[in-house]
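J.: The file below is coords_8.txt, compact mmCIF, C-alpha atoms:
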# COMPACT_ATOMS: atom_id res chain seq x y z
CA MET A 41 0.00 0.00 0.00
CA ASN A 42 1.31 3.43 -0.92
CA HIS A 43 1.80 6.04 1.75
CA LEU A 44 -0.82 8.79 1.35
CA ARG A 45 -0.18 12.48 1.94
CA VAL A 46 -2.98 15.04 2.11
CA VAL A 47 -3.32 18.73 2.78
CA VAL A 48 -6.13 19.70 5.15
CA ALA A 49 -6.97 23.37 4.65
CA LYS A 50 -9.29 26.10 5.88
CA PRO A 51 -9.79 28.45 2.94
CA GLY A 52 -11.14 31.97 3.17
CA LEU A 53 -12.15 33.95 6.21
CA ASP A 54 -13.63 31.04 8.13
CA GLY A 55 -12.15 31.08 11.64
CA HIS A 56 -13.57 27.83 13.00
CA ASP A 57 -11.06 25.02 12.69
CA ARG A 58 -12.05 22.44 15.31
CA GLY A 59 -13.63 20.15 12.68
CA ALA A 60 -10.61 20.42 10.39
CA LYS A 61 -8.32 19.53 13.28
CA VAL A 62 -10.50 16.54 14.21
CA ILE A 63 -10.36 15.29 10.61
CA ALA A 64 -6.61 15.95 10.36
CA ARG A 65 -6.03 13.89 13.52
CA ALA A 66 -8.34 11.09 12.35
CA LEU A 67 -6.50 10.91 9.02
CA ARG A 68 -3.16 10.88 10.80
CA ASP A 69 -4.33 8.16 13.19
CA ALA A 70 -5.40 6.13 10.12
CA GLY A 71 -1.82 6.22 8.80
CA ILE A 72 -2.19 9.13 6.39
CA GLU A 73 0.42 11.88 6.45
CA VAL A 74 -1.32 15.22 6.95
CA VAL A 75 -0.11 18.73 6.20
CA TYR A 76 -2.45 21.13 8.03
CA THR A 77 -2.23 24.64 6.61
CA GLY A 78 -4.03 26.50 9.38
CA LEU A 79 -6.65 29.21 9.09
CA HIS A 80 -7.30 31.84 6.43
CA GLN A 81 -5.59 30.25 3.45
CA THR A 82 -6.29 31.45 -0.06
CA PRO A 83 -7.08 28.86 -2.73
CA ARG A 84 -3.75 29.75 -4.38
CA GLN A 85 -1.84 29.14 -1.13
CA ILE A 86 -3.57 25.80 -0.69
CA VAL A 87 -2.70 24.63 -4.20
CA ASP A 88 0.87 25.90 -3.85
CA THR A 89 1.24 23.96 -0.58
CA ALA A 90 -0.21 20.83 -2.21
CA LEU A 91 2.31 21.08 -5.05
CA GLN A 92 5.27 21.83 -2.78
CA GLU A 93 4.37 18.97 -0.44
CA ASP A 94 3.68 16.55 -3.34
CA VAL A 95 0.37 15.43 -1.82
CA ASP A 96 -2.17 12.99 -3.14
CA GLY A 97 -5.21 14.89 -1.91
CA ILE A 98 -6.58 18.16 -0.62
CA GLY A 99 -9.28 18.21 2.03
CA LEU A 100 -11.06 21.53 2.39
CA SER A 101 -13.14 22.52 5.40
CA VAL A 102 -15.58 25.34 4.69
CA LEU A 103 -18.11 26.66 7.18
CA SER A 104 -18.32 30.24 5.88
CA GLY A 105 -20.89 29.75 3.12
CA ALA A 106 -18.31 30.52 0.41
CA HIS A 107 -17.87 26.86 -0.56
CA LEU A 108 -18.97 27.25 -4.20
CA THR A 109 -16.38 29.96 -4.85
CA LEU A 110 -13.55 28.48 -2.79
CA PHE A 111 -13.81 24.94 -4.16
CA ALA A 112 -14.10 26.30 -7.72
CA GLN A 113 -10.95 28.37 -7.30
CA VAL A 114 -8.96 25.44 -5.90
CA MET A 115 -10.11 23.26 -8.80
CA GLU A 116 -9.19 25.98 -11.33
CA PHE A 117 -5.71 26.48 -9.87
CA LEU A 118 -5.10 22.72 -9.92
CA LYS A 119 -6.13 22.66 -13.57
CA GLU A 120 -3.80 25.58 -14.37
CA GLU A 121 -0.94 23.69 -12.71
CA ASP A 122 -1.77 20.46 -14.57
CA ALA A 123 -2.34 18.83 -11.18
CA THR A 124 -5.86 17.47 -11.55
CA ASP A 125 -4.55 14.09 -10.37
CA ILE A 126 -4.65 15.54 -6.84
CA THR A 127 -7.96 14.39 -5.36
CA VAL A 128 -10.04 17.17 -3.80
CA PHE A 129 -12.57 16.37 -1.10
CA GLY A 130 -14.11 18.41 1.64
CA GLY A 131 -16.75 19.10 4.15
CA GLY A 132 -18.44 21.61 6.32
CA ILE A 133 -21.72 23.43 6.21
CA ILE A 134 -22.70 22.70 2.62
CA PRO A 135 -26.38 22.77 1.65
CA GLU A 136 -27.63 19.63 -0.08
CA ALA A 137 -28.51 21.69 -3.19
CA ASP A 138 -24.88 22.83 -3.54
CA ILE A 139 -23.38 19.34 -3.50
CA PRO A 140 -24.14 18.39 -7.15
CA PRO A 141 -22.57 21.58 -8.55
CA LEU A 142 -19.44 20.99 -6.46
CA LEU A 143 -19.20 17.39 -7.61
CA GLY A 144 -19.65 18.71 -11.16
CA LEU A 145 -16.52 20.83 -10.69
CA GLY A 146 -14.56 17.67 -10.00
CA VAL A 147 -14.67 17.62 -6.20
CA ALA A 148 -14.49 13.91 -5.44
CA ALA A 149 -16.53 13.78 -2.22
CA LEU A 150 -18.21 15.99 0.34
CA PHE A 151 -18.81 15.15 3.98
CA THR A 152 -21.38 17.07 5.97
CA PRO A 153 -21.61 17.50 9.75
CA GLY A 154 -22.19 14.26 11.60
CA THR A 155 -20.25 12.08 9.18
CA PRO A 156 -18.28 9.53 11.22
CA THR A 157 -14.54 10.11 10.97
CA ARG A 158 -14.06 6.42 10.12
CA GLU A 159 -16.22 6.91 7.01
CA ILE A 160 -13.94 9.75 5.91
CA THR A 161 -10.68 7.91 6.60
CA ASP A 162 -11.98 4.79 4.83
CA TRP A 163 -12.98 6.91 1.83
CA VAL A 164 -9.56 8.58 1.69
CA HIS A 165 -7.79 5.21 1.80
CA ALA A 166 -10.05 3.88 -0.98
CA HIS A 167 -10.04 6.89 -3.31
CA VAL A 168 -7.18 9.33 -2.77
CA GLY A 169 -4.02 8.74 -4.77
CA ARG A 170 -5.56 6.28 -7.24
CA ASP A 171 -5.20 8.61 -10.25
CA ARG A 172 -1.61 9.42 -9.32
CA ALA A 173 -0.76 5.73 -9.00
CA ARG A 174 -2.28 5.00 -12.42
CA ASN A 175 -0.28 7.86 -13.95
CA GLY A 176 3.00 6.68 -12.42
CA ALA A 177 3.29 9.63 -10.02
CA LEU A 178 3.74 7.40 -6.95
Will you turn the file into structure tokens for me?
T.:
Amino acid sequence: MNHLRVVVAKPGLDGHDRGAKVIARALRDAGIEVVYTGLHQTPRQIVDTALQEDVDGIGLSVLSGAHLTLFAQVMEFLKEEDATDITVFGGGIIPEADIPPLLGLGVAALFTPGTPTREITDWVHAHVGRDRARNGAL
């Protein structure tokens, strides 16, 4: 099994990071290397960190209501950098009606409040890094 590395990030002006820290710890405890960027990151900073750290995935936590814009910008910057093999997933306060448009942008999965951490870590193990492995990046 390949060693997975993910960035967990809090984009935008959202100042609530307890959930992101819980997920970062759960991922770490599940054997996944985590780079936590901290609060108030721009989408550009998040993508730059992902590229510098050579990660397999980016997990975004958005509680601010700006999820449509922030996820779209991260996806666009990944495309500009020819890094669409980095799996993007996320969670937070995301209305059910906004999930299909986000998935349409290429976001691989979204986890809403109450999702068990085991479900998230199992999903990351099953889905993150698969495109990179197929393309010889691992």
J.: With distances taken over all atoms listed in the file, which of A:Asp125, A:Gly71, A:Thr89, A:Gly169 is nearest to A:Val48?
T.: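 Looking at the shortest contact to A:Val48, the residue is A:Thr89.
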J.: Neighbourhood query: residues within 12 Å of (-8.6, 8.8, 15.7), file coordinates, counting all atoms listed in the file; return as a list in words.
T.: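 Output of the proximity query reads Lys61, Val62, Ile63, Ala64, Arg65, Ala66, Leu67, Arg68, Asp69, Ala70, Gly71, Ile72, Pro156, Thr157, Arg158, Glu159, Ile160 and Thr161 of chain A.
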J.: What does the file look like for those residues with C-alpha atoms, as a JSON list (two decimals), in the coordinates of the input?
T.:
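Final output, saved to part-v4.json:
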[["chain", "number", "residue", "atom", "x", "y", "z"],
["A", 61, "LYS", "CA", -8.32, 19.53, 13.28],
["A", 62, "VAL", "CA", -10.50, 16.54, 14.21],
["A", 63, "ILE", "CA", -10.36, 15.29, 10.61],
["A", 64, "ALA", "CA", -6.61, 15.95, 10.36],
["A", 65, "ARG", "CA", -6.03, 13.89, 13.52],
["A", 66, "ALA", "CA", -8.34, 11.09, 12.35],
["A", 67, "LEU", "CA", -6.50, 10.91, 9.02],
["A", 68, "ARG", "CA", -3.16, 10.88, 10.80],
["A", 69, "ASP", "CA", -4.33, 8.16, 13.19],
["A", 70, "ALA", "CA", -5.40, 6.13, 10.12],
["A", 71, "GLY", "CA", -1.82, 6.22, 8.80],
["A", 72, "ILE", "CA", -2.19, 9.13, 6.39],
["A", 156, "PRO", "CA", -18.28, 9.53, 11.22],
["A", 157, "THR", "CA", -14.54, 10.11, 10.97],
["A", 158, "ARG", "CA", -14.06, 6.42, 10.12],
["A", 159, "GLU", "CA", -16.22, 6.91, 7.01],
["A", 160, "ILE", "CA", -13.94, 9.75, 5.91],
["A", 161, "THR", "CA", -10.68, 7.91, 6.60]]
J.: Just give me the gap between atom CA of A:His80 and atom CA of A:Glu116 in Å, one decimal is fine.
T.: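 Computing it gives 18.8 Å between the two atoms.
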J.: Could you list, as a VMD selection string, every residue within 8 Å of A:Phe151, counting all atoms listed in the file and ignoring same-chain residues fewer than 2 positions away?
T.: chain A and resid 130 to 132 149 153 155 160
J.: Find the distance between atom CA of A:Pro51 and atom CA of A:His165 and write it in Å to one decimal.
T.: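 It comes out at 23.4 Å.
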J.: Counting only C-alpha atoms, which of A:His167, A:Lys50, A:His107, A:Lys119 gets nearest to A:Ile139?
T.: A:His107
J.: Can you tell me how far atom CA of A:Arg84 sits from atom CA of A:His43, in Å to one decimal?
T.: 25.1 Å
J.: Here is a test: counting only C-alpha atoms, which residue of A:Leu150, A:Leu118, A:Val168, A:Val128 is nearest to A:Leu91?
T.: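 Among the listed residues, the smallest separation from A:Leu91 belongs to A:Leu118.
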J.: Of the candidates A:Leu53, A:Ile126, A:Ile134, A:Leu44, which one gets nearest to A:Thr82 if we count only C-alpha atoms?
T.: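 Closest to A:Thr82, using only C-alpha atoms: A:Leu53.
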J.: Grab all the atoms of stretch 105-109 of chain A that the file lists, wrap them in a box along x, y and z, add 4 Å per side, and give me centre plus edge lengths in Å (one decimal) as AutoDock Vina command-line options.
T.:
--center_x -18.6 --center_y 28.7 --center_z -0.9 --size_x 12.5 --size_y 11.7 --size_z 16.0
